[in-house]
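Note: the block below is input_21.tsv and it holds TSV, C-alpha atoms.
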chain	number	residue	atom	x	y	z
O	27	MET	CA	122.57	-55.08	-28.51
O	28	THR	CA	123.32	-58.65	-29.44
O	29	ASP	CA	125.04	-59.67	-32.64
O	30	LEU	CA	121.64	-60.72	-33.92
O	31	GLY	CA	120.33	-57.29	-32.96
O	32	ASP	CA	123.03	-55.71	-35.11
O	33	LEU	CA	122.11	-57.99	-37.96
O	34	ILE	CA	118.42	-57.14	-37.63
O	35	ALA	CA	119.19	-53.42	-37.49
O	36	SER	CA	121.25	-53.72	-40.66
O	37	ARG	CA	118.27	-55.23	-42.49
O	38	LEU	CA	115.65	-52.66	-41.50
O	39	ARG	CA	114.85	-49.77	-43.79
O	40	ASP	CA	113.53	-46.43	-42.60
O	41	VAL	CA	110.80	-45.16	-44.92
O	42	PRO	CA	109.82	-41.57	-44.16
O	43	ASP	CA	106.21	-40.37	-44.28
O	44	PHE	CA	104.59	-43.81	-44.34
O	45	PRO	CA	101.78	-44.49	-43.71
O	46	SER	CA	101.28	-40.78	-42.99
O	47	PRO	CA	103.39	-37.60	-43.08
O	48	GLY	CA	105.92	-37.34	-40.27
O	49	VAL	CA	106.03	-41.05	-39.50
O	50	ILE	CA	109.23	-42.98	-40.13
O	51	PHE	CA	108.17	-46.51	-40.99
O	52	LYS	CA	110.42	-49.41	-40.05
O	53	ASP	CA	110.35	-51.65	-43.10
O	54	VAL	CA	111.20	-55.28	-42.39
O	55	THR	CA	111.07	-56.43	-46.01
O	56	PRO	CA	114.89	-56.33	-46.46
O	57	LEU	CA	115.21	-58.60	-43.42
O	58	LEU	CA	112.65	-61.07	-44.79
O	59	ALA	CA	114.35	-61.12	-48.18
O	60	ASP	CA	117.62	-62.24	-46.60
O	61	GLY	CA	117.13	-65.93	-45.93
O	62	ALA	CA	120.06	-66.15	-43.52
O	63	VAL	CA	118.77	-63.31	-41.34
O	64	PHE	CA	115.13	-64.39	-41.55
O	65	GLY	CA	116.26	-67.86	-40.49
O	66	ALA	CA	118.37	-66.55	-37.62
O	67	VAL	CA	115.49	-64.41	-36.38
O	68	THR	CA	113.10	-67.37	-36.50
O	69	ARG	CA	115.52	-69.67	-34.67
O	70	GLU	CA	116.16	-67.06	-31.98
O	71	LEU	CA	112.44	-66.56	-31.42
O	72	ALA	CA	112.09	-70.33	-31.18
O	73	ASP	CA	114.91	-70.62	-28.66
O	74	ARG	CA	113.28	-67.98	-26.45
O	75	TRP	CA	109.85	-69.64	-26.36
O	76	ARG	CA	110.42	-73.36	-26.95
O	77	ASP	CA	108.50	-75.69	-24.58
O	78	ARG	CA	106.46	-72.81	-23.18
O	79	VAL	CA	103.94	-72.46	-25.98
O	80	ASP	CA	101.27	-74.68	-27.56
O	81	VAL	CA	100.23	-72.53	-30.50
O	82	ILE	CA	101.34	-69.36	-32.31
O	83	ALA	CA	98.90	-66.52	-32.99
O	84	GLY	CA	100.12	-64.22	-35.75
O	85	VAL	CA	98.72	-60.73	-36.19
O	86	GLU	CA	97.76	-59.74	-39.74
O	87	ALA	CA	99.69	-59.20	-41.86
O	88	ARG	CA	103.43	-59.13	-41.08
O	89	GLY	CA	102.82	-61.16	-37.94
O	90	PHE	CA	101.68	-63.93	-40.27
O	91	ILE	CA	105.16	-64.07	-41.80
O	92	PHE	CA	107.22	-64.22	-38.63
O	93	GLY	CA	104.58	-66.22	-36.78
O	94	ALA	CA	104.18	-68.90	-39.43
O	95	ALA	CA	107.93	-69.43	-39.73
O	96	LEU	CA	108.17	-69.63	-35.94
O	97	ALA	CA	105.29	-72.10	-35.72
O	98	HIS	CA	106.98	-74.29	-38.29
O	99	GLU	CA	110.34	-74.10	-36.51
O	100	LEU	CA	108.67	-75.14	-33.25
O	101	GLY	CA	106.42	-77.76	-34.86
O	102	LEU	CA	103.33	-75.93	-33.63
O	103	GLY	CA	100.06	-74.89	-35.14
O	104	PHE	CA	99.31	-71.35	-36.26
O	105	VAL	CA	96.22	-69.21	-35.67
O	106	ALA	CA	95.53	-66.09	-37.72
O	107	VAL	CA	94.43	-62.93	-35.92
O	108	ARG	CA	92.79	-61.07	-38.77
O	109	LYS	CA	91.25	-57.74	-39.66
O	110	ALA	CA	87.46	-57.64	-39.55
O	111	GLY	CA	85.59	-59.55	-42.23
O	112	LYS	CA	88.43	-61.76	-43.43
O	113	LEU	CA	87.75	-64.96	-41.51
O	114	PRO	CA	85.02	-67.18	-42.97
O	115	ALA	CA	83.58	-68.95	-39.93
O	116	ALA	CA	82.16	-67.69	-36.62
O	117	THR	CA	84.55	-65.26	-34.95
O	118	THR	CA	85.31	-63.57	-31.68
O	119	ALA	CA	86.11	-59.90	-32.24
O	120	ILE	CA	87.58	-56.93	-30.42
O	121	SER	CA	87.70	-53.26	-31.31
O	122	TYR	CA	90.38	-50.87	-30.15
O	123	ASP	CA	91.29	-47.24	-30.57
O	124	LEU	CA	93.81	-46.01	-33.08
O	125	GLU	CA	95.31	-42.53	-33.19
O	126	TYR	CA	92.47	-41.63	-35.54
O	127	GLY	CA	89.40	-43.82	-35.40
O	128	SER	CA	89.32	-47.46	-34.41
O	129	ALA	CA	90.05	-50.93	-35.71
O	130	THR	CA	88.58	-54.38	-35.22
O	131	ILE	CA	90.45	-57.67	-35.23
O	132	GLU	CA	89.02	-61.16	-35.10
O	133	VAL	CA	89.90	-64.76	-34.53
O	134	HIS	CA	87.84	-67.85	-35.22
O	135	ALA	CA	85.76	-68.56	-32.13
O	136	ASP	CA	86.91	-72.21	-32.19
O	137	ALA	CA	90.56	-71.42	-32.90
O	138	PHE	CA	91.98	-72.40	-29.53
O	139	VAL	CA	91.75	-75.51	-27.42
O	140	ALA	CA	90.60	-74.09	-24.06
O	141	GLY	CA	93.56	-73.14	-21.92
O	142	SER	CA	96.17	-73.73	-24.62
O	143	ARG	CA	99.29	-71.62	-24.21
O	144	VAL	CA	99.36	-68.98	-26.93
O	145	LEU	CA	102.24	-66.78	-28.06
O	146	VAL	CA	101.12	-63.61	-29.89
O	147	VAL	CA	103.59	-62.68	-32.64
O	148	ASP	CA	103.97	-59.48	-34.63
O	149	ASP	CA	106.82	-57.79	-36.42
O	150	VAL	CA	106.96	-54.45	-34.59
O	151	LEU	CA	105.72	-53.28	-31.20
O	152	ALA	CA	104.81	-49.61	-31.58
O	153	THR	CA	102.09	-48.06	-29.40
O	154	GLY	CA	100.98	-51.51	-28.31
O	155	GLY	CA	97.35	-50.99	-29.23
O	156	THR	CA	97.14	-53.85	-31.67
O	157	ALA	CA	99.22	-56.20	-29.51
O	158	ALA	CA	97.13	-55.50	-26.40
O	159	ALA	CA	93.93	-56.06	-28.35
O	160	ALA	CA	95.30	-59.28	-29.85
O	161	CYS	CA	96.19	-60.62	-26.40
O	162	GLU	CA	92.75	-59.81	-25.03
O	163	LEU	CA	91.13	-61.31	-28.11
O	164	VAL	CA	93.03	-64.58	-27.67
O	165	GLU	CA	91.85	-64.75	-24.08
O	166	ARG	CA	88.24	-64.06	-25.05
O	167	ALA	CA	88.54	-66.99	-27.46
O	168	GLY	CA	89.74	-69.29	-24.68
O	169	GLY	CA	93.50	-69.21	-25.12
O	170	ALA	CA	96.01	-68.51	-22.34
O	171	VAL	CA	98.44	-65.82	-23.50
O	172	VAL	CA	101.97	-66.66	-22.40
O	173	GLY	CA	103.49	-63.62	-24.03
O	174	CYS	CA	103.93	-61.32	-26.94
O	175	ALA	CA	106.97	-61.71	-29.18
O	176	VAL	CA	108.12	-59.10	-31.67
O	177	VAL	CA	111.22	-58.63	-33.76
O	178	LEU	CA	111.50	-54.89	-33.16
O	179	GLU	CA	110.27	-52.71	-30.31
O	180	LEU	CA	109.99	-48.96	-30.80
O	181	ALA	CA	110.68	-48.27	-27.15
O	182	PHE	CA	110.06	-44.52	-27.37
O	183	LEU	CA	106.38	-45.27	-28.04
O	184	ASP	CA	106.15	-47.21	-24.77
O	185	GLY	CA	103.95	-49.98	-26.09
O	186	ARG	CA	104.82	-52.01	-23.00
O	187	ALA	CA	102.62	-49.71	-20.94
O	188	ARG	CA	99.58	-51.02	-22.85
O	189	LEU	CA	100.79	-54.57	-22.20
O	190	ALA	CA	101.41	-54.22	-18.47
O	191	GLY	CA	101.45	-57.59	-16.73
O	192	ARG	CA	102.24	-59.47	-19.91
O	193	HIS	CA	105.54	-61.00	-20.93
O	194	VAL	CA	106.75	-58.89	-23.85
O	195	ASP	CA	109.94	-59.88	-25.62
O	196	ALA	CA	111.65	-58.09	-28.52
O	197	LEU	CA	114.75	-59.24	-30.36
O	198	LEU	CA	115.76	-55.60	-30.84
O	199	ALA	CA	114.62	-52.43	-29.10
O	200	THR	CA	115.31	-49.04	-30.60
A	20	MET	CA	95.27	-88.69	-53.74
A	21	THR	CA	98.34	-89.14	-51.57
A	22	ASP	CA	98.20	-89.82	-47.87
A	23	LEU	CA	99.14	-86.18	-47.35
A	24	GLY	CA	96.28	-85.23	-49.63
A	25	ASP	CA	93.89	-87.16	-47.38
A	26	LEU	CA	95.36	-85.42	-44.37
A	27	ILE	CA	94.97	-82.00	-45.97
A	28	ALA	CA	91.39	-82.77	-46.99
A	29	SER	CA	90.59	-83.78	-43.43
A	30	ARG	CA	91.76	-80.40	-42.17
A	31	LEU	CA	89.84	-78.18	-44.60
A	32	ARG	CA	86.50	-76.73	-43.61
A	33	ASP	CA	83.78	-75.82	-46.09
A	34	VAL	CA	82.15	-72.53	-45.13
A	35	PRO	CA	79.02	-71.82	-47.19
A	36	ASP	CA	78.18	-68.33	-48.47
A	37	PHE	CA	81.59	-66.79	-47.84
A	38	PRO	CA	82.68	-64.30	-49.01
A	39	SER	CA	79.39	-64.02	-50.92
A	40	PRO	CA	76.14	-66.01	-51.20
A	41	GLY	CA	76.48	-69.27	-53.10
A	42	VAL	CA	80.22	-69.59	-52.67
A	43	ILE	CA	81.60	-72.46	-50.59
A	44	PHE	CA	84.82	-71.19	-49.06
A	45	LYS	CA	87.64	-73.63	-48.40
A	46	ASP	CA	88.90	-72.65	-44.97
A	47	VAL	CA	92.50	-73.67	-44.27
A	48	THR	CA	92.57	-72.48	-40.67
A	49	PRO	CA	91.99	-75.98	-39.19
A	50	LEU	CA	95.00	-77.20	-41.18
A	51	LEU	CA	97.19	-74.35	-39.93
A	52	ALA	CA	96.12	-74.94	-36.35
A	53	ASP	CA	97.33	-78.55	-36.50
A	54	GLY	CA	101.10	-78.29	-36.14
A	55	ALA	CA	101.72	-81.80	-37.43
A	56	VAL	CA	99.76	-81.22	-40.63
A	57	PHE	CA	101.07	-77.68	-41.15
A	58	GLY	CA	104.58	-79.09	-40.76
A	59	ALA	CA	103.95	-81.96	-43.16
A	60	VAL	CA	102.53	-79.58	-45.76
A	61	THR	CA	105.53	-77.28	-45.44
A	62	ARG	CA	108.03	-80.14	-45.74
A	63	GLU	CA	106.25	-81.56	-48.78
A	64	LEU	CA	106.27	-78.16	-50.49
A	65	ALA	CA	109.97	-77.91	-49.68
A	66	ASP	CA	110.72	-81.36	-51.08
A	67	ARG	CA	108.99	-80.47	-54.34
A	68	TRP	CA	110.89	-77.23	-54.92
A	69	ARG	CA	114.24	-77.59	-53.12
A	70	ASP	CA	117.31	-76.47	-55.12
A	71	ARG	CA	115.15	-74.94	-57.85
A	72	VAL	CA	114.23	-71.69	-56.12
A	73	ASP	CA	116.14	-68.68	-54.78
A	74	VAL	CA	113.35	-66.80	-53.04
A	75	ILE	CA	109.70	-67.32	-52.04
A	76	ALA	CA	107.02	-64.79	-52.97
A	77	GLY	CA	103.93	-65.12	-50.79
A	78	VAL	CA	100.60	-63.64	-51.84
A	79	GLU	CA	98.72	-61.65	-49.19
A	80	ALA	CA	97.43	-62.86	-46.86
A	81	ARG	CA	97.24	-66.66	-46.52
A	82	GLY	CA	100.14	-67.02	-48.95
A	83	PHE	CA	102.22	-65.24	-46.31
A	84	ILE	CA	101.59	-68.09	-43.89
A	85	PHE	CA	102.45	-71.02	-46.14
A	86	GLY	CA	105.13	-69.05	-47.98
A	87	ALA	CA	106.97	-67.89	-44.88
A	88	ALA	CA	107.04	-71.37	-43.37
A	89	LEU	CA	108.31	-72.75	-46.68
A	90	ALA	CA	110.98	-70.06	-46.97
A	91	HIS	CA	112.18	-70.90	-43.49
A	92	GLU	CA	112.20	-74.64	-44.20
A	93	LEU	CA	114.29	-74.03	-47.33
A	94	GLY	CA	116.53	-71.40	-45.73
A	95	LEU	CA	115.41	-68.83	-48.28
A	96	GLY	CA	114.28	-65.24	-48.16
A	97	PHE	CA	110.65	-64.20	-48.42
A	98	VAL	CA	109.06	-61.42	-50.48
A	99	ALA	CA	105.56	-60.15	-49.75
A	100	VAL	CA	103.16	-59.62	-52.66
A	101	ARG	CA	100.71	-57.21	-51.10
A	102	LYS	CA	97.44	-55.47	-51.74
A	103	ALA	CA	97.73	-51.90	-52.96
A	104	GLY	CA	98.95	-49.30	-50.49
A	105	LYS	CA	100.44	-51.65	-47.92
A	106	LEU	CA	104.12	-51.58	-48.88
A	107	PRO	CA	106.06	-48.54	-47.67
A	108	ALA	CA	108.76	-48.08	-50.32
A	109	ALA	CA	108.61	-47.73	-54.11
A	110	THR	CA	106.57	-50.51	-55.69
A	111	THR	CA	105.82	-52.22	-58.95
A	112	ALA	CA	102.08	-52.81	-59.31
A	113	ILE	CA	99.65	-54.75	-61.46
A	114	SER	CA	95.87	-54.59	-61.69
A	115	TYR	CA	93.69	-57.49	-62.71
A	116	ASP	CA	90.02	-58.23	-63.17
A	117	LEU	CA	87.88	-59.87	-60.53
A	118	GLU	CA	84.40	-61.25	-61.04
A	119	TYR	CA	83.13	-57.85	-59.98
A	120	GLY	CA	85.55	-54.95	-60.33
A	121	SER	CA	89.32	-55.20	-60.17
A	122	ALA	CA	92.19	-55.51	-57.73
A	123	THR	CA	95.75	-54.26	-57.56
A	124	ILE	CA	98.71	-56.05	-56.02
A	125	GLU	CA	102.21	-54.72	-55.50
A	126	VAL	CA	105.71	-55.75	-54.68
A	127	HIS	CA	108.65	-53.56	-53.71
A	128	ALA	CA	110.40	-52.52	-56.91
A	129	ASP	CA	113.76	-53.59	-55.43
A	130	ALA	CA	112.47	-56.87	-53.97
A	131	PHE	CA	114.24	-59.25	-56.34
A	132	VAL	CA	117.84	-59.65	-57.39
A	133	ALA	CA	117.56	-59.57	-61.19
A	134	GLY	CA	116.99	-63.04	-62.56
A	135	SER	CA	116.54	-64.70	-59.20
A	136	ARG	CA	114.37	-67.80	-59.31
A	137	VAL	CA	111.05	-67.04	-57.60
A	138	LEU	CA	108.36	-69.44	-56.41
A	139	VAL	CA	104.94	-67.84	-56.03
A	140	VAL	CA	103.03	-69.35	-53.08
A	141	ASP	CA	99.38	-69.11	-52.15
A	142	ASP	CA	96.99	-71.30	-50.22
A	143	VAL	CA	94.33	-71.98	-52.83
A	144	LEU	CA	94.28	-71.81	-56.63
A	145	ALA	CA	90.76	-70.82	-57.64
A	146	THR	CA	90.16	-68.89	-60.87
A	147	GLY	CA	93.87	-68.17	-61.13
A	148	GLY	CA	93.42	-64.43	-61.49
A	149	THR	CA	95.49	-63.49	-58.48
A	150	ALA	CA	98.14	-66.13	-59.15
A	151	ALA	CA	98.55	-65.08	-62.78
A	152	ALA	CA	98.83	-61.43	-61.76
A	153	ALA	CA	101.35	-62.29	-59.04
A	154	CYS	CA	103.53	-64.17	-61.51
A	155	GLU	CA	103.47	-61.31	-63.99
A	156	LEU	CA	104.16	-58.84	-61.19
A	157	VAL	CA	107.22	-60.78	-60.06
A	158	GLU	CA	108.53	-60.74	-63.63
A	159	ARG	CA	107.92	-57.01	-63.99
A	160	ALA	CA	110.00	-56.57	-60.82
A	161	GLY	CA	112.88	-58.54	-62.31
A	162	GLY	CA	112.33	-62.01	-60.86
A	163	ALA	CA	112.24	-65.23	-62.88
A	164	VAL	CA	109.11	-67.19	-61.94
A	165	VAL	CA	109.91	-70.88	-61.67
A	166	GLY	CA	106.41	-71.86	-60.67
A	167	CYS	CA	103.34	-71.39	-58.59
A	168	ALA	CA	102.80	-73.62	-55.56
A	169	VAL	CA	99.49	-73.98	-53.75
A	170	VAL	CA	98.16	-76.29	-51.11
A	171	LEU	CA	94.73	-76.74	-52.71
A	172	GLU	CA	93.58	-76.42	-56.31
A	173	LEU	CA	89.88	-76.01	-57.07
A	174	ALA	CA	90.22	-77.77	-60.40
A	175	PHE	CA	86.64	-77.10	-61.50
A	176	LEU	CA	87.48	-73.39	-61.72
A	177	ASP	CA	90.31	-74.16	-64.19
A	178	GLY	CA	92.77	-71.67	-62.78
A	179	ARG	CA	95.52	-73.42	-64.73
A	180	ALA	CA	94.10	-71.94	-67.92
A	181	ARG	CA	95.08	-68.47	-66.67
A	182	LEU	CA	98.55	-69.81	-65.84
A	183	ALA	CA	99.22	-71.52	-69.17
A	184	GLY	CA	102.94	-72.10	-69.72
A	185	ARG	CA	103.73	-71.90	-66.03
A	186	HIS	CA	104.61	-74.73	-63.69
A	187	VAL	CA	101.66	-74.99	-61.32
A	188	ASP	CA	101.80	-77.51	-58.50
A	189	ALA	CA	99.11	-78.27	-55.91
A	190	LEU	CA	99.38	-80.68	-53.01
A	191	LEU	CA	95.70	-81.49	-53.38
A	192	ALA	CA	93.26	-80.92	-56.24
A	193	THR	CA	89.56	-81.13	-55.68

Encoding of this model in structure tokens:
Amino acid sequence: MTDLGDLIASRLRDVPDFPSPGVIFKDVTPLLADGAVFGAVTRELADRWRDRVDVIAGVEARGFIFGAALAHELGLGFVAVRKAGKLPAATTAISYDLEYGSATIEVHADAFVAGSRVLVVDDVLATGGTAAAACELVERAGGAVVGCAVVLELAFLDGRARLAGRHVDALLAT
Amino acid sequence: MTDLGDLIASRLRDVPDFPSPGVIFKDVTPLLADGAVFGAVTRELADRWRDRVDVIAGVEARGFIFGAALAHELGLGFVAVRKAGKLPAATTAISYDLEYGSATIEVHADAFVAGSRVLVVDDVLATGGTAAAACELVERAGGAVVGCAVVLELAFLDGRARLAGRHVDALLAT
């Protein structure tokens, strides 16, 4: 673990039984509230991806926070990957399975210049279902996914298996 | 209108009949996708509020994008004002009336150091209902609201009336 990894770990809060009984939720809000740590996280993400990316795609909703700060740090544009029904104009959509039921995420159909290099950003990589769907969605909309960046990876859930063949990078794995 | 105002206006898209018939939605996604404009917007927001704010409160969901970039530019922490049921730990909540029905937003009860100076950030000021509720919510949670910053104000909806006594600042009013 890097020094930054220690710092990140110190700013995560375990919340038991959220969103459902038996789950221990990794709450990033203490990290975000600490401007020094939020800044260090954003700069580290930028250092890892600088010059390899044209646009940041943030996954609703916490991926908006890390992704927007990263886009600004890199001087890049930001594209919102949203839950169904939230985007106003014509969208490209993808549905994927959750533990119970399914979910749909969307992006504006004209969001990406064809072939632009897209980094998909979220806060936590868990089972990888959302991240895998977001990557495929970006590709359907004409972007070229260069990787998936997260702050925290819950390695015991093996989300990387759902993202095989993609470049997945986490600042901290636990 | 400033030069930046012209630039912002050029990157907004009118989407008719969203989210409901007769409404013309101001879509900020073209602005976000343009890194130069997104960066200029973030720096202008920072210049207007620098040294007067301790923490940024972003309103779900587009307020997360502008608010997080602004927090990073200013080196400040970020607090998420979220829709009901999204935050994992103990929250402070407020409900407010919408045109049809009502909505509830929440913030973690421990989100703010008591008396810290909080800037509430959202993308668009429309009727002011959400912004007014967000400001009151921040105060209930112990923050001191120094103002409400938005990129675009729909002045014909007179949202400022709901925010009387507060410092409301928009980069562009239309």

Wanna dump the chain O-chain A contacts at 9 Å for me, each residue with its shortest atom pair and the distance in Å to one decimal, counting all atoms listed in the file, ordered by chain and number, as JSON lines?
{"residue": "O:Val41", "atom": "CA", "partner": "A:Pro107", "partner_atom": "CA", "distance": 6.4}
{"residue": "O:Pro42", "atom": "CA", "partner": "A:Pro107", "partner_atom": "CA", "distance": 8.7}
{"residue": "O:Asp43", "atom": "CA", "partner": "A:Pro107", "partner_atom": "CA", "distance": 8.8}
{"residue": "O:Phe44", "atom": "CA", "partner": "A:Pro107", "partner_atom": "CA", "distance": 6.0}
{"residue": "O:Pro45", "atom": "CA", "partner": "A:Pro107", "partner_atom": "CA", "distance": 7.1}
{"residue": "O:Phe51", "atom": "CA", "partner": "A:Pro107", "partner_atom": "CA", "distance": 7.3}
{"residue": "O:Lys52", "atom": "CA", "partner": "A:Pro107", "partner_atom": "CA", "distance": 8.8}
{"residue": "O:Asp53", "atom": "CA", "partner": "A:Pro107", "partner_atom": "CA", "distance": 7.0}
{"residue": "O:Thr55", "atom": "CA", "partner": "A:Val98", "partner_atom": "CA", "distance": 7.0}
{"residue": "O:Pro56", "atom": "CA", "partner": "A:Ala130", "partner_atom": "CA", "distance": 7.9}
{"residue": "O:Leu57", "atom": "CA", "partner": "A:Gly96", "partner_atom": "CA", "distance": 8.2}
{"residue": "O:Leu58", "atom": "CA", "partner": "A:Phe97", "partner_atom": "CA", "distance": 5.2}
{"residue": "O:Ala59", "atom": "CA", "partner": "A:Gly96", "partner_atom": "CA", "distance": 4.1}
{"residue": "O:Asp60", "atom": "CA", "partner": "A:Gly96", "partner_atom": "CA", "distance": 4.8}
{"residue": "O:Gly61", "atom": "CA", "partner": "A:Gly96", "partner_atom": "CA", "distance": 3.7}
{"residue": "O:Ala62", "atom": "CA", "partner": "A:Gly94", "partner_atom": "CA", "distance": 6.7}
{"residue": "O:Val63", "atom": "CA", "partner": "A:Gly96", "partner_atom": "CA", "distance": 8.4}
{"residue": "O:Phe64", "atom": "CA", "partner": "A:Gly96", "partner_atom": "CA", "distance": 6.7}
{"residue": "O:Gly65", "atom": "CA", "partner": "A:His91", "partner_atom": "CA", "distance": 5.9}
{"residue": "O:Thr68", "atom": "CA", "partner": "A:His91", "partner_atom": "CA", "distance": 7.9}
{"residue": "O:Val81", "atom": "CA", "partner": "A:Ala52", "partner_atom": "CA", "distance": 7.5}
{"residue": "O:Ile82", "atom": "CA", "partner": "A:Ala52", "partner_atom": "CA", "distance": 8.6}
{"residue": "O:Glu86", "atom": "CA", "partner": "A:Ala80", "partner_atom": "CA", "distance": 7.8}
{"residue": "O:Ala87", "atom": "CA", "partner": "A:Ala80", "partner_atom": "CA", "distance": 6.6}
{"residue": "O:Arg88", "atom": "CA", "partner": "A:Phe83", "partner_atom": "CA", "distance": 8.1}
{"residue": "O:Phe90", "atom": "CA", "partner": "A:Ile84", "partner_atom": "CA", "distance": 5.5}
{"residue": "O:Ile91", "atom": "CA", "partner": "A:Ala87", "partner_atom": "CA", "distance": 5.2}
{"residue": "O:Phe92", "atom": "CA", "partner": "A:Ala87", "partner_atom": "CA", "distance": 7.3}
{"residue": "O:Gly93", "atom": "CA", "partner": "A:Ile84", "partner_atom": "CA", "distance": 7.9}
{"residue": "O:Ala94", "atom": "CA", "partner": "A:Ile84", "partner_atom": "CA", "distance": 5.2}
{"residue": "O:Ala95", "atom": "CA", "partner": "A:Ala88", "partner_atom": "CA", "distance": 4.2}
{"residue": "O:Leu96", "atom": "CA", "partner": "A:Ala88", "partner_atom": "CA", "distance": 7.7}
{"residue": "O:Ala97", "atom": "CA", "partner": "A:Gly54", "partner_atom": "CA", "distance": 7.5}
{"residue": "O:His98", "atom": "CA", "partner": "A:Ala88", "partner_atom": "CA", "distance": 5.9}
{"residue": "O:Glu99", "atom": "CA", "partner": "A:His91", "partner_atom": "CA", "distance": 7.9}
{"residue": "O:Leu100", "atom": "CA", "partner": "A:Gly54", "partner_atom": "CA", "distance": 8.7}
{"residue": "O:Gly101", "atom": "CA", "partner": "A:Gly54", "partner_atom": "CA", "distance": 5.5}
{"residue": "O:Leu102", "atom": "CA", "partner": "A:Gly54", "partner_atom": "CA", "distance": 4.1}
{"residue": "O:Gly103", "atom": "CA", "partner": "A:Gly54", "partner_atom": "CA", "distance": 3.7}
{"residue": "O:Phe104", "atom": "CA", "partner": "A:Ala52", "partner_atom": "CA", "distance": 4.8}
{"residue": "O:Val105", "atom": "CA", "partner": "A:Ala52", "partner_atom": "CA", "distance": 5.8}
{"residue": "O:Ala106", "atom": "CA", "partner": "A:Thr48", "partner_atom": "CA", "distance": 7.6}
{"residue": "O:Gly111", "atom": "CA", "partner": "A:Pro38", "partner_atom": "CA", "distance": 8.8}
{"residue": "O:Lys112", "atom": "CA", "partner": "A:Pro38", "partner_atom": "CA", "distance": 8.4}
{"residue": "O:Leu113", "atom": "CA", "partner": "A:Asp46", "partner_atom": "CA", "distance": 8.5}
{"residue": "O:Pro114", "atom": "CA", "partner": "A:Phe37", "partner_atom": "CA", "distance": 6.0}
{"residue": "O:Ala115", "atom": "CA", "partner": "A:Val34", "partner_atom": "CA", "distance": 6.5}
{"residue": "O:His134", "atom": "CA", "partner": "A:Thr48", "partner_atom": "CA", "distance": 8.6}
{"residue": "O:Ala137", "atom": "CA", "partner": "A:Ala52", "partner_atom": "CA", "distance": 7.4}
{"residue": "O:Phe138", "atom": "CA", "partner": "A:Ala52", "partner_atom": "CA", "distance": 8.4}

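The two atoms in question, atom CA of A:Leu64 and atom CA of A:Val143, are spaced 13.6 Å apart.
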
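Checking O:Val172, O:Val147, O:Glu132, O:Asp195 one by one against O:Asp77, counting all atoms listed in the file, you find the shortest gap at O:Val172.
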
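Neighbouring residues of O:Leu124 at 12 Å or closer, counting all atoms listed in the file and skipping chain neighbours under 2 positions away, are Ser121, Tyr122, Tyr126, Gly127, Ser128, Ala129, Thr130, Ala152, Thr153, Gly154, Gly155, Thr156 and Ala159 of chain O.
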
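Put simply, atom CA of A:Ala153 is 15.0 Å away from atom CA of A:Ala180.
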
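For the pair atom CA of O:Leu183 and atom CA of O:Cys161, the interatomic distance is 18.5 Å.
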
Close residues, O:Val164 itself excluded, 8 Å, all atoms listed in the file, min 5 positions apart in chain, as a JSON list (two decimals) with C-alpha atoms, in the frame of the given file:
[["chain", "number", "residue", "atom", "x", "y", "z"],
["O", 133, "VAL", "CA", 89.90, -64.76, -34.53],
["O", 144, "VAL", "CA", 99.36, -68.98, -26.93],
["O", 169, "GLY", "CA", 93.50, -69.21, -25.12],
["O", 170, "ALA", "CA", 96.01, -68.51, -22.34],
["O", 171, "VAL", "CA", 98.44, -65.82, -23.50]]

For stretch 137-143 of chain A, supply N, CA, C and O atoms and report the output as a PDB file, in the frame of the given file.
ATOM      1  N   VAL A 137     112.097 -67.369 -58.568  1.00  0.00           N
ATOM      2  CA  VAL A 137     111.050 -67.040 -57.600  1.00  0.00           C
ATOM      3  C   VAL A 137     109.927 -68.076 -57.675  1.00  0.00           C
ATOM      4  O   VAL A 137     109.429 -68.388 -58.758  1.00  0.00           O
ATOM      5  N   LEU A 138     109.543 -68.582 -56.512  1.00  0.00           N
ATOM      6  CA  LEU A 138     108.360 -69.440 -56.410  1.00  0.00           C
ATOM      7  C   LEU A 138     107.230 -68.623 -55.800  1.00  0.00           C
ATOM      8  O   LEU A 138     107.380 -68.066 -54.706  1.00  0.00           O
ATOM      9  N   VAL A 139     106.119 -68.545 -56.513  1.00  0.00           N
ATOM     10  CA  VAL A 139     104.940 -67.840 -56.030  1.00  0.00           C
ATOM     11  C   VAL A 139     104.080 -68.823 -55.223  1.00  0.00           C
ATOM     12  O   VAL A 139     103.750 -69.895 -55.721  1.00  0.00           O
ATOM     13  N   VAL A 140     103.751 -68.447 -53.986  1.00  0.00           N
ATOM     14  CA  VAL A 140     103.030 -69.350 -53.080  1.00  0.00           C
ATOM     15  C   VAL A 140     101.714 -68.721 -52.640  1.00  0.00           C
ATOM     16  O   VAL A 140     101.671 -67.549 -52.252  1.00  0.00           O
ATOM     17  N   ASP A 141     100.651 -69.522 -52.725  1.00  0.00           N
ATOM     18  CA  ASP A 141      99.380 -69.110 -52.150  1.00  0.00           C
ATOM     19  C   ASP A 141      98.712 -70.349 -51.554  1.00  0.00           C
ATOM     20  O   ASP A 141      99.201 -71.459 -51.735  1.00  0.00           O
ATOM     21  N   ASP A 142      97.638 -70.141 -50.831  1.00  0.00           N
ATOM     22  CA  ASP A 142      96.990 -71.300 -50.220  1.00  0.00           C
ATOM     23  C   ASP A 142      96.127 -72.079 -51.209  1.00  0.00           C
ATOM     24  O   ASP A 142      96.219 -73.296 -51.294  1.00  0.00           O
ATOM     25  N   VAL A 143      95.309 -71.344 -51.953  1.00  0.00           N
ATOM     26  CA  VAL A 143      94.330 -71.980 -52.830  1.00  0.00           C
ATOM     27  C   VAL A 143      94.425 -71.385 -54.231  1.00  0.00           C
ATOM     28  O   VAL A 143      94.512 -70.171 -54.385  1.00  0.00           O
TER      29      VAL A 143
END
